[in-house]
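One file, coords.cif, is given below (mmCIF, C-alpha atoms and all ligand atoms).
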```
data_run
#
loop_
_atom_site.group_PDB
_atom_site.id
_atom_site.type_symbol
_atom_site.label_atom_id
_atom_site.label_comp_id
_atom_site.auth_asym_id
_atom_site.auth_seq_id
_atom_site.Cartn_x
_atom_site.Cartn_y
_atom_site.Cartn_z
ATOM 1 C CA MET D 13 2.635 26.368 12.136
ATOM 2 C CA VAL D 14 -1.058 26.300 11.220
ATOM 3 C CA TYR D 15 -3.704 25.716 13.837
ATOM 4 C CA TYR D 16 -7.044 24.739 12.405
ATOM 5 C CA HIS D 17 -10.281 25.897 14.015
ATOM 6 C CA SER D 18 -13.712 24.338 14.306
ATOM 7 C CA ILE D 19 -12.803 21.300 12.277
ATOM 8 C CA MET D 20 -15.634 18.868 11.815
ATOM 9 C CA LYS D 21 -14.641 16.759 8.849
ATOM 10 C CA ILE D 22 -11.276 15.180 8.172
ATOM 11 C CA GLY D 23 -10.824 13.816 4.658
ATOM 12 C CA ILE D 24 -8.751 10.685 4.126
ATOM 13 C CA PRO D 25 -7.982 9.703 0.531
ATOM 14 C CA ARG D 26 -8.726 6.018 -0.044
ATOM 15 C CA ALA D 27 -5.311 5.586 -1.641
ATOM 16 C CA GLY D 28 -1.652 5.191 -0.726
ATOM 17 C CA LEU D 29 -1.008 4.133 2.846
ATOM 18 C CA TYR D 30 -4.716 4.156 3.646
ATOM 19 C CA TYR D 31 -4.464 0.529 2.509
ATOM 20 C CA GLN D 32 -1.967 -0.225 5.260
ATOM 21 C CA PHE D 33 -3.074 1.988 8.138
ATOM 22 C CA PHE D 34 -6.801 2.623 7.776
ATOM 23 C CA PRO D 35 -7.759 0.790 11.025
ATOM 24 C CA LEU D 36 -5.330 2.996 12.959
ATOM 25 C CA TRP D 37 -6.237 6.280 11.241
ATOM 26 C CA ASP D 38 -9.967 5.669 11.419
ATOM 27 C CA THR D 39 -9.932 4.838 15.133
ATOM 28 C CA PHE D 40 -7.542 7.664 15.967
ATOM 29 C CA PHE D 41 -9.585 10.475 14.436
ATOM 30 C CA LYS D 42 -12.940 9.087 15.552
ATOM 31 C CA GLU D 43 -11.661 8.678 19.134
ATOM 32 C CA LEU D 44 -10.806 12.372 19.045
ATOM 33 C CA GLY D 45 -14.374 13.157 18.025
ATOM 34 C CA PHE D 46 -13.876 14.075 14.358
ATOM 35 C CA GLU D 47 -16.013 12.970 11.474
ATOM 36 C CA VAL D 48 -13.908 11.081 8.966
ATOM 37 C CA VAL D 49 -14.814 11.291 5.294
ATOM 38 C CA TYR D 50 -13.278 8.831 2.838
ATOM 39 C CA SER D 51 -13.173 9.137 -0.906
ATOM 40 C CA PRO D 52 -14.986 6.223 -2.608
ATOM 41 C CA PRO D 53 -13.123 3.165 -3.881
ATOM 42 C CA THR D 54 -11.084 4.007 -6.971
ATOM 43 C CA ASN D 55 -13.113 4.164 -10.164
ATOM 44 C CA ALA D 56 -12.645 5.420 -13.725
ATOM 45 C CA SER D 57 -13.828 8.965 -13.042
ATOM 46 C CA LEU D 58 -11.524 9.343 -10.006
ATOM 47 C CA LEU D 59 -8.615 8.131 -12.100
ATOM 48 C CA LYS D 60 -9.567 10.581 -14.871
ATOM 49 C CA LYS D 61 -9.271 13.483 -12.411
ATOM 50 C CA GLY D 62 -5.979 12.086 -11.146
ATOM 51 C CA LEU D 63 -4.613 11.978 -14.687
ATOM 52 C CA GLU D 64 -5.759 15.546 -15.245
ATOM 53 C CA TYR D 65 -3.948 16.951 -12.204
ATOM 54 C CA ALA D 66 -0.960 14.678 -11.580
ATOM 55 C CA HIS D 67 2.305 15.025 -13.438
ATOM 56 C CA SER D 68 2.352 12.541 -16.310
ATOM 57 C CA ASP D 69 5.693 11.056 -15.181
ATOM 58 C CA ILE D 70 4.606 9.860 -11.756
ATOM 59 C CA CYS D 71 3.480 6.317 -11.072
ATOM 60 C CA PHE D 72 -0.046 4.947 -11.467
ATOM 61 C CA PRO D 73 -0.833 4.698 -7.702
ATOM 62 C CA MET D 74 0.159 8.354 -7.214
ATOM 63 C CA LYS D 75 -2.074 9.454 -10.097
ATOM 64 C CA VAL D 76 -4.877 7.534 -8.413
ATOM 65 C CA ASN D 77 -4.030 9.348 -5.155
ATOM 66 C CA PHE D 78 -4.472 12.733 -6.872
ATOM 67 C CA GLY D 79 -7.952 11.683 -8.044
ATOM 68 C CA HIS D 80 -8.969 10.828 -4.472
ATOM 69 C CA VAL D 81 -7.711 14.129 -3.118
ATOM 70 C CA TYR D 82 -9.596 16.001 -5.850
ATOM 71 C CA TRP D 83 -12.824 14.156 -4.951
ATOM 72 C CA LEU D 84 -12.490 15.124 -1.276
ATOM 73 C CA LYS D 85 -11.293 18.689 -1.577
ATOM 74 C CA ASP D 86 -14.651 20.491 -1.429
ATOM 75 C CA LYS D 87 -16.257 18.060 1.008
ATOM 76 C CA VAL D 88 -13.994 18.323 4.065
ATOM 77 C CA ASP D 89 -12.424 20.921 6.372
ATOM 78 C CA VAL D 90 -8.948 19.438 6.298
ATOM 79 C CA LEU D 91 -7.171 16.649 4.419
ATOM 80 C CA PHE D 92 -4.970 14.067 6.093
ATOM 81 C CA VAL D 93 -2.009 13.742 3.723
ATOM 82 C CA PRO D 94 1.094 13.206 5.874
ATOM 83 C CA ARG D 95 4.594 13.454 4.503
ATOM 84 C CA PHE D 96 5.859 9.900 4.931
ATOM 85 C CA ILE D 97 9.648 9.977 4.996
ATOM 86 C CA SER D 98 10.639 6.861 6.911
ATOM 87 C CA LEU D 99 8.443 4.240 8.550
ATOM 88 C CA GLU D 100 11.140 1.748 9.557
ATOM 89 C CA GLU D 101 14.575 2.171 11.109
ATOM 90 C CA LYS D 102 17.281 2.759 8.464
ATOM 91 C CA LYS D 103 14.726 2.848 5.641
ATOM 92 C CA TYR D 104 13.241 5.557 3.460
ATOM 93 C CA MET D 105 9.894 5.828 1.777
ATOM 94 C CA CYS D 106 9.833 6.347 -1.959
ATOM 95 C CA PRO D 107 10.400 10.073 -2.790
ATOM 96 C CA LYS D 108 6.866 10.270 -4.256
ATOM 97 C CA PHE D 109 5.470 9.877 -0.743
ATOM 98 C CA MET D 110 7.874 12.463 0.654
ATOM 99 C CA GLY D 111 6.802 14.991 -1.968
ATOM 100 C CA LEU D 112 3.104 14.154 -2.146
ATOM 101 C CA PRO D 113 1.782 17.100 -0.064
ATOM 102 C CA ASP D 114 3.890 19.549 -2.123
ATOM 103 C CA MET D 115 2.869 18.012 -5.446
ATOM 104 C CA LEU D 116 -0.798 18.228 -4.454
ATOM 105 C CA LYS D 117 -0.526 21.866 -3.356
ATOM 106 C CA ALA D 118 1.274 22.779 -6.564
ATOM 107 C CA SER D 119 -1.200 20.979 -8.835
ATOM 108 C CA ILE D 120 -4.695 21.291 -7.364
ATOM 109 C CA SER D 121 -6.037 24.733 -6.491
ATOM 110 C CA ASN D 122 -8.437 25.503 -3.633
ATOM 111 C CA LEU D 123 -7.373 22.566 -1.512
ATOM 112 C CA PRO D 124 -8.457 22.681 2.120
ATOM 113 C CA PRO D 125 -5.545 22.830 4.631
ATOM 114 C CA LEU D 126 -3.421 19.673 4.552
ATOM 115 C CA LEU D 127 -2.427 17.816 7.700
ATOM 116 C CA ASP D 128 0.994 17.252 6.167
ATOM 117 C CA VAL D 129 2.932 16.362 9.311
ATOM 118 C CA ASN D 130 6.238 14.520 8.795
ATOM 119 C CA PHE D 131 6.397 10.853 9.752
ATOM 120 C CA ASN D 132 10.087 10.123 9.947
ATOM 121 C CA ILE D 133 11.133 7.412 12.388
ATOM 122 C CA ARG D 134 14.795 8.205 11.680
ATOM 123 C CA LYS D 135 14.335 11.617 13.276
ATOM 124 C CA LYS D 136 11.529 11.259 15.824
ATOM 125 C CA PRO D 137 9.209 8.584 17.220
ATOM 126 C CA PHE D 138 5.743 8.442 15.641
ATOM 127 C CA ILE D 139 4.096 9.571 18.869
ATOM 128 C CA ARG D 140 5.652 13.005 18.323
ATOM 129 C CA SER D 141 4.199 13.170 14.824
ATOM 130 C CA TRP D 142 0.758 12.277 16.150
ATOM 131 C CA ILE D 143 1.074 14.921 18.884
ATOM 132 C CA GLU D 144 1.878 17.419 16.102
ATOM 133 C CA VAL D 145 -1.261 16.269 14.245
ATOM 134 C CA GLY D 146 -3.210 16.825 17.475
ATOM 135 C CA LYS D 147 -1.664 20.262 17.971
ATOM 136 C CA ARG D 148 -2.829 21.372 14.551
ATOM 137 C CA LEU D 149 -6.304 20.142 15.409
ATOM 138 C CA ARG D 150 -6.197 21.851 18.819
ATOM 139 C CA VAL D 151 -6.258 18.547 20.683
ATOM 140 C CA SER D 152 -4.095 18.028 23.777
ATOM 141 C CA ALA D 153 -1.158 15.612 23.795
ATOM 142 C CA ASN D 154 -2.900 13.636 26.507
ATOM 143 C CA LYS D 155 -5.979 13.025 24.388
ATOM 144 C CA VAL D 156 -3.782 12.125 21.417
ATOM 145 C CA LYS D 157 -1.910 9.519 23.451
ATOM 146 C CA LYS D 158 -5.150 7.929 24.685
ATOM 147 C CA ALA D 159 -6.630 7.836 21.159
ATOM 148 C CA LEU D 160 -3.435 6.345 19.808
ATOM 149 C CA VAL D 161 -3.514 3.444 22.278
ATOM 150 C CA LYS D 162 -6.960 2.451 20.969
ATOM 151 C CA ALA D 163 -5.916 3.093 17.375
ATOM 152 C CA GLU D 164 -2.915 0.794 17.677
ATOM 153 C CA ILE D 165 -5.072 -1.970 19.150
ATOM 154 C CA SER D 166 -7.471 -1.744 16.201
ATOM 155 C CA GLN D 167 -4.563 -1.804 13.746
ATOM 156 C CA LYS D 168 -3.049 -4.915 15.380
ATOM 157 C CA SER D 169 -6.336 -6.776 15.583
ATOM 158 C CA TYR D 170 -7.283 -6.147 11.949
ATOM 159 C CA GLN D 171 -7.366 -9.375 9.948
ATOM 160 C CA TRP D 172 -6.234 -9.321 6.309
ATOM 161 C CA ASN D 173 -8.705 -11.806 4.964
ATOM 162 C CA ASN D 174 -7.129 -13.257 1.829
ATOM 163 C CA LEU D 175 -7.466 -17.002 2.290
ATOM 164 C CA ASN D 176 -10.805 -18.548 1.463
ATOM 165 C CA GLY D 177 -10.200 -21.924 3.060
ATOM 166 C CA GLY D 178 -10.871 -23.908 -0.128
ATOM 167 C CA ASP D 179 -8.638 -26.656 -1.474
ATOM 168 C CA GLY D 180 -7.806 -24.877 -4.741
ATOM 169 C CA LEU D 181 -4.354 -23.729 -5.743
ATOM 170 C CA LYS D 182 -2.464 -21.546 -3.311
ATOM 171 C CA ILE D 183 -1.357 -18.391 -5.089
ATOM 172 C CA GLY D 184 0.978 -15.811 -3.599
ATOM 173 C CA ILE D 185 0.662 -12.138 -4.483
ATOM 174 C CA VAL D 186 3.497 -9.738 -3.823
ATOM 175 C CA ALA D 187 2.706 -6.035 -4.177
ATOM 176 C CA ARG D 188 2.575 -2.774 -2.299
ATOM 177 C CA PRO D 189 -0.624 -2.433 -0.241
ATOM 178 C CA TYR D 190 -2.023 0.392 -2.401
ATOM 179 C CA ILE D 191 -1.685 -1.852 -5.456
ATOM 180 C CA ILE D 192 -2.875 -5.166 -4.113
ATOM 181 C CA TYR D 193 -5.821 -3.921 -2.024
ATOM 182 C CA ASP D 194 -7.063 -1.222 -4.397
ATOM 183 C CA LYS D 195 -9.485 -3.313 -6.427
ATOM 184 C CA TYR D 196 -9.460 -0.956 -9.404
ATOM 185 C CA VAL D 197 -5.671 -0.777 -9.582
ATOM 186 C CA SER D 198 -5.237 -4.547 -9.181
ATOM 187 C CA ALA D 199 -8.142 -5.462 -11.492
ATOM 188 C CA GLU D 200 -9.816 -7.168 -8.497
ATOM 189 C CA LEU D 201 -7.252 -9.909 -8.697
ATOM 190 C CA ILE D 202 -7.712 -11.233 -5.159
ATOM 191 C CA ASP D 203 -11.503 -11.490 -5.562
ATOM 192 C CA ARG D 204 -11.247 -13.072 -9.002
ATOM 193 C CA LEU D 205 -8.803 -15.725 -7.823
ATOM 194 C CA LYS D 206 -10.845 -16.453 -4.722
ATOM 195 C CA GLU D 207 -13.941 -16.878 -6.896
ATOM 196 C CA LYS D 208 -12.036 -19.608 -8.733
ATOM 197 C CA GLY D 209 -11.574 -21.371 -5.383
ATOM 198 C CA MET D 210 -7.964 -20.374 -4.944
ATOM 199 C CA ASN D 211 -6.313 -19.398 -1.702
ATOM 200 C CA ILE D 212 -4.329 -16.198 -1.709
ATOM 201 C CA LEU D 213 -1.279 -15.542 0.392
ATOM 202 C CA THR D 214 0.272 -12.080 0.767
ATOM 203 C CA ALA D 215 2.928 -10.495 2.956
ATOM 204 C CA ASP D 216 0.164 -9.602 5.409
ATOM 205 C CA ASN D 217 -0.457 -13.307 6.040
ATOM 206 C CA LEU D 218 3.156 -14.019 7.000
ATOM 207 C CA ILE D 219 4.655 -13.441 10.418
ATOM 208 C CA PRO D 220 7.645 -11.018 10.456
ATOM 209 C CA GLU D 221 10.055 -13.809 11.526
ATOM 210 C CA ILE D 222 9.474 -15.635 8.217
ATOM 211 C CA ILE D 223 10.212 -12.510 6.190
ATOM 212 C CA ASN D 224 13.229 -11.558 8.320
ATOM 213 C CA LYS D 225 14.767 -15.016 7.919
ATOM 214 C CA GLU D 226 14.684 -14.673 4.121
ATOM 215 C CA ILE D 227 16.014 -11.126 4.165
ATOM 216 C CA ALA D 228 18.936 -12.119 6.396
ATOM 217 C CA ILE D 229 20.616 -13.938 3.495
ATOM 218 C CA LEU D 230 20.800 -10.842 1.273
ATOM 219 C CA LYS D 231 24.267 -9.320 0.896
ATOM 220 C CA LYS D 232 23.007 -5.760 1.439
ATOM 221 C CA PRO D 233 20.030 -4.348 3.312
ATOM 222 C CA ILE D 234 17.159 -2.906 1.281
ATOM 223 C CA TYR D 235 16.682 0.774 1.993
ATOM 224 C CA PHE D 236 13.082 1.191 0.809
ATOM 225 C CA ASP D 237 10.129 0.916 3.168
ATOM 226 C CA PHE D 238 8.033 -2.096 2.086
ATOM 227 C CA GLY D 239 11.047 -3.338 0.098
ATOM 228 C CA GLU D 240 12.174 -5.950 2.609
ATOM 229 C CA LYS D 241 8.619 -7.032 3.272
ATOM 230 C CA ASN D 242 7.987 -7.668 -0.416
ATOM 231 C CA VAL D 243 11.338 -9.209 -1.279
ATOM 232 C CA GLY D 244 11.252 -11.351 1.896
ATOM 233 C CA THR D 245 7.772 -12.548 0.985
ATOM 234 C CA ALA D 246 8.815 -13.378 -2.579
ATOM 235 C CA LEU D 247 11.887 -15.271 -1.360
ATOM 236 C CA HIS D 248 9.752 -17.196 1.093
ATOM 237 C CA PHE D 249 7.399 -18.185 -1.740
ATOM 238 C CA LEU D 250 10.363 -19.273 -3.885
ATOM 239 C CA ASN D 251 12.133 -21.196 -1.119
ATOM 240 C CA SER D 252 9.381 -22.742 0.958
ATOM 241 C CA GLY D 253 7.011 -24.212 -1.625
ATOM 242 C CA GLU D 254 4.161 -22.826 0.491
ATOM 243 C CA VAL D 255 2.450 -21.560 -2.673
ATOM 244 C CA ASP D 256 1.880 -23.208 -6.037
ATOM 245 C CA GLY D 257 3.048 -20.031 -7.757
ATOM 246 C CA PHE D 258 3.053 -16.288 -7.228
ATOM 247 C CA LEU D 259 2.445 -12.986 -8.954
ATOM 248 C CA TYR D 260 4.399 -9.769 -8.451
ATOM 249 C CA LEU D 261 2.329 -6.680 -9.202
ATOM 250 C CA ILE D 262 4.220 -3.471 -9.877
ATOM 251 C CA SER D 263 3.510 -0.071 -11.335
ATOM 252 C CA PHE D 264 5.081 0.816 -14.696
ATOM 253 C CA GLU D 265 6.939 3.954 -13.504
ATOM 254 C CA CYS D 266 8.041 2.549 -10.136
ATOM 255 C CA GLY D 267 11.778 3.051 -9.544
ATOM 256 C CA PRO D 268 12.028 1.077 -6.272
ATOM 257 C CA ASP D 269 10.144 -1.958 -7.592
ATOM 258 C CA SER D 270 12.160 -2.063 -10.812
ATOM 259 C CA LEU D 271 15.241 -2.587 -8.599
ATOM 260 C CA LEU D 272 13.599 -5.038 -6.227
ATOM 261 C CA LYS D 273 12.320 -7.042 -9.177
ATOM 262 C CA GLU D 274 15.940 -7.743 -10.166
ATOM 263 C CA ILE D 275 16.599 -9.395 -6.783
ATOM 264 C CA ILE D 276 13.469 -11.542 -7.081
ATOM 265 C CA ASP D 277 14.190 -12.458 -10.730
ATOM 266 C CA ASP D 278 17.704 -13.499 -9.801
ATOM 267 C CA ARG D 279 16.517 -15.831 -7.011
ATOM 268 C CA ALA D 280 13.658 -17.153 -9.123
ATOM 269 C CA ARG D 281 16.166 -18.642 -11.598
ATOM 270 C CA THR D 282 17.102 -21.344 -9.098
ATOM 271 C CA SER D 283 13.581 -22.129 -7.889
ATOM 272 C CA ASP D 284 10.952 -24.253 -9.581
ATOM 273 C CA ILE D 285 8.074 -22.224 -8.152
ATOM 274 C CA PRO D 286 6.273 -20.493 -11.061
ATOM 275 C CA TYR D 287 6.416 -16.722 -10.830
ATOM 276 C CA THR D 288 5.459 -13.851 -13.103
ATOM 277 C CA THR D 289 5.389 -10.068 -12.933
ATOM 278 C CA LEU D 290 2.379 -7.990 -13.950
ATOM 279 C CA VAL D 291 3.194 -4.376 -14.739
ATOM 280 C CA LEU D 292 0.232 -2.068 -14.262
ATOM 281 C CA ASP D 293 -0.501 1.457 -15.368
ATOM 282 C CA GLU D 294 -3.460 3.623 -16.318
ATOM 283 C CA HIS D 295 -3.478 2.180 -19.847
ATOM 284 C CA THR D 296 -3.581 -1.441 -18.726
ATOM 285 C CA GLU D 297 -6.596 -3.294 -20.121
ATOM 286 C CA ILE D 298 -8.251 -5.605 -17.586
ATOM 287 C CA ALA D 299 -8.725 -8.211 -20.330
ATOM 288 C CA GLY D 300 -4.973 -8.202 -20.948
ATOM 289 C CA ILE D 301 -4.178 -8.758 -17.271
ATOM 290 C CA LEU D 302 -6.724 -11.536 -16.961
ATOM 291 C CA THR D 303 -5.388 -13.292 -20.040
ATOM 292 C CA ARG D 304 -1.904 -13.275 -18.555
ATOM 293 C CA VAL D 305 -3.164 -14.511 -15.203
ATOM 294 C CA GLU D 306 -5.162 -17.295 -16.912
ATOM 295 C CA ALA D 307 -2.070 -18.373 -18.831
ATOM 296 C CA PHE D 308 -0.059 -18.351 -15.604
ATOM 297 C CA LEU D 309 -2.632 -20.502 -13.803
ATOM 298 C CA ASP D 310 -2.787 -22.929 -16.750
ATOM 299 C CA MET D 311 0.965 -23.252 -16.556
ATOM 300 C CA ILE D 312 0.826 -24.007 -12.814
ATOM 301 C CA GLU D 313 -1.888 -26.608 -13.331
ATOM 302 C CA TYR D 314 0.011 -28.210 -16.210
ATOM 303 C CA LYS D 315 3.146 -28.288 -14.069
ATOM 304 C CA SER D 316 1.407 -29.946 -11.131
ATOM 305 C CA LYS D 317 -0.186 -32.576 -13.441
ATOM 306 C CA THR D 318 3.182 -33.284 -15.038
ATOM 307 C CA LYS D 319 4.679 -33.653 -11.579
ATOM 308 C CA PHE D 320 1.873 -36.021 -10.632
ATOM 309 C CA ASN D 321 2.369 -38.135 -13.782
ATOM 310 C CA LEU D 322 6.047 -38.479 -13.032
HETATM 311 S S1 LIG C 401 7.173 2.950 -4.524
HETATM 312 FE FE1 LIG C 401 6.671 2.873 -6.695
HETATM 313 S S2 LIG C 401 4.470 2.608 -6.805
HETATM 314 FE FE2 LIG C 401 4.978 3.363 -4.745
HETATM 315 S S3 LIG C 401 4.796 5.574 -4.845
HETATM 316 FE FE3 LIG C 401 6.928 5.076 -5.248
HETATM 317 S S4 LIG C 401 7.060 4.932 -7.479
HETATM 318 FE FE4 LIG C 401 4.893 4.825 -6.924
#
```
Rewrite the structure of this file - the entire thing - as structure tokens.
Amino acid sequence: MVYYHSIMKIGIPRAGLYYQFFPLWDTFFKELGFEVVYSPPTNASLLKKGLEYAHSDICFPMKVNFGHVYWLKDKVDVLFVPRFISLEEKKYMCPKFMGLPDMLKASISNLPPLLDVNFNIRKKPFIRSWIEVGKRLRVSANKVKKALVKAEISQKSYQWNNLNGGDGLKIGIVARPYIIYDKYVSAELIDRLKEKGMNILTADNLIPEIINKEIAILKKPIYFDFGEKNVGTALHFLNSGEVDGFLYLISFECGPDSLLKEIIDDRARTSDIPYTTLVLDEHTEIAGILTRVEAFLDMIEYKSKTKFNL
């Protein structure tokens, strides 16, 4: 067990589950009196460092994650890179998240100490993981519990602002948070579509009951964290007609999403809601993505006009 002394700055990579939990993490560490340093939004030079240090076989978002850690390593006293094993009952995170702290330590030299506490809801409640984080930072369990109450309030009250309130097409986007909300990784898709007057709907805009209702019809449960959320969202888009069409953004080397895509493809065959998958990696040209998105939108518009003419 490592106890860190005199820690002033905690580094949080702006990658991975930062895009799901940043309100909670930010409030938690600041409530405990630490300075939190974030890496900048993903850019080409961060990605270049990620490609230099990450194993070539891992997925695009993980390579990006390596670039963020490299940027932070000489600027902070400790890095918050937990080992996420399971975030939901009976589910597992992708193995890349489980192995991330080890991969970083093996690949990047002179890293500051990592706060690599296990988050595994199958084995222990999260509060015990946070108390472990506090222990390493020499903060009492009592203070951790108080900070966590405020952190959870800020997480719950955070609004995922995707809709722009216009009367343009309603486009659904299904993707993991570190793909959809990382503007570099997603080629700023949400912003670009909103600029065209479109309304965007993601899993974060749906209440859990909607997603759970769709998931209930599957023959087998999905064992990946975020898997049910994404598949449930896609099924809702296909079944409800709430969107005019939707995009599924996945990373080229992603094992879990290649399986989940099969479920969505299968259901999409019996729906008339337009849907397409965009596969992203570090070689993806923005122009190529935009051309595909344009073609997809043209198809939706053509379809709605045809429907109108009928
Ligand atoms: S789920 Fe896919 S995209 Fe996410 S870390 Fe695992 S392989 Fe990468």
_Could you list the protein, DNA and RNA residues that have any atom within 8 Å of ligand LIG 401 (chain C), counting all atoms listed in the file, and write them as a list in words?_
Gly28, Ile70, Cys71, Phe72, Pro73, Met74, Met105, Cys106, Pro107, Lys108, Phe109, Arg188, Tyr190, Ile191, Ile262, Ser263, Glu265, Cys266, Gly267, Pro268 and Asp269 of chain D
*Would you kindly return, as a PyMOL selection string, each protein, DNA or RNA residue with an atom no farther than 12 Å from any atom of D:Lys42, considering all atoms listed in the file and excluding same-chain residues fewer than 2 positions away?*
chain D and resi 20-22+34-40+44-49+155-156+159-160+162-163
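Atom pair atom CA of D:Ser121 / atom CA of D:Ile143: separated by 28.1 Å.
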*Which residues match the PyMOL selection byres (((chain D and resi 122) around 12) and not hetatm) in the file above, as a PyMOL selection string?*
chain D and resi 81-82+84-90+116-121+123-126
*Contacts of D:Met210 at 6 Å (only C-alpha atoms; same-chain gap of 3+ positions) as a count of residues only*: 5
_Pick from D:Lys75, D:Lys60, D:His80, D:Lys232, whichever lies nearest to D:Tyr30 using only C-alpha atoms_ = D:His80
*In Å, how far is it from atom CA of D:Val186 to atom CA of D:Met110?*
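For atom CA of D:Val186 relative to atom CA of D:Met110, the distance reads 23.1 Å.
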Calculate, to one decimal in Å, the centre and edge lengths of the box along x, y and z of the file that holds all listed atoms of stretch 303-313 of chain D with 4 Å of margin on each side, and present them as AutoDock Vina command-line options.
```
--center_x -2.2 --center_y -19.9 --center_z -16.4 --size_x 14.4 --size_y 21.3 --size_z 15.2
```
*Which of these residues is nearest to D:Leu250, using all atoms listed in the file: D:Ile212, D:Ile183, D:Ile192, D:Leu309?*
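Result for the nearest residue to D:Leu250: D:Ile183.
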*So how far away is atom CA of D:Phe96 from atom CA of D:Asn130, in Å?*
6.0 Å
*Please, which residues are within 7 Å of (-12.2, 14.7, -9.5) by the file's coordinates, counting all atoms listed in the file, and could they come as JSON, numbers by chain?*
{"D": [57, 58, 61, 62, 79, 82, 83]}
*Selection result for the PyMOL selection byres (((chain D and resi 244) around 8) and not hetatm) on this file, as a list in words*: Ile222, Ile223, Asn224, Lys225, Glu226, Ile227, Glu240, Lys241, Asn242, Val243, Thr245, Ala246, Leu247 and His248 of chain D
Once you have the residues from the selection above, write them out as a compact mmCIF listing (two decimals), in the frame of the given file, restricted to C-alpha atoms.
```
# COMPACT_ATOMS: atom_id res chain seq x y z
CA ILE D 222 9.47 -15.64 8.22
CA ILE D 223 10.21 -12.51 6.19
CA ASN D 224 13.23 -11.56 8.32
CA LYS D 225 14.77 -15.02 7.92
CA GLU D 226 14.68 -14.67 4.12
CA ILE D 227 16.01 -11.13 4.16
CA GLU D 240 12.17 -5.95 2.61
CA LYS D 241 8.62 -7.03 3.27
CA ASN D 242 7.99 -7.67 -0.42
CA VAL D 243 11.34 -9.21 -1.28
CA THR D 245 7.77 -12.55 0.98
CA ALA D 246 8.82 -13.38 -2.58
CA LEU D 247 11.89 -15.27 -1.36
CA HIS D 248 9.75 -17.20 1.09
```
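Take the candidates D:Gly239, D:Pro137, D:Pro25, D:Gly184 and check each one against D:Gly257 using all atoms listed in the file; the shortest distance goes to D:Gly184.
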*Show which residues sit within 7 Å of D:Tyr235, as an MDAnalysis selection string. Count all atoms listed in the file, and ignore same-chain residues fewer than 2 positions away.*
chainID D and resid 102:104 233 237
Any chance you can output those residues with C-alpha atoms as a PDB file, in the frame of the given file?
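Writing the result to result-v1.pdb gives the following:
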```
ATOM      1  CA  LYS D 102      17.281   2.759   8.464  1.00  0.00           C
ATOM      2  CA  LYS D 103      14.726   2.848   5.641  1.00  0.00           C
ATOM      3  CA  TYR D 104      13.241   5.557   3.460  1.00  0.00           C
ATOM      4  CA  PRO D 233      20.030  -4.348   3.312  1.00  0.00           C
ATOM      5  CA  ASP D 237      10.129   0.916   3.168  1.00  0.00           C
TER       6      ASP D 237
END
```
*Using only C-alpha atoms, pick whichever of D:Asn217, D:Ser198, D:Asn251, D:Thr288 has the shortest atom-to-atom distance to D:Met311.*
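Closest to D:Met311 of all the choices is D:Thr288.
Using all atoms listed in the file, the smallest distance between any of D:Lys208, D:Arg281, D:Lys158, D:Arg140 and D:Phe41 comes from D:Lys158.
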*Using only C-alpha atoms, pick whichever of D:Thr289, D:Asn154, D:Thr54, D:Ser141 has the shortest atom-to-atom distance to D:Ile185.*
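The closest residue to D:Ile185 is D:Thr289.
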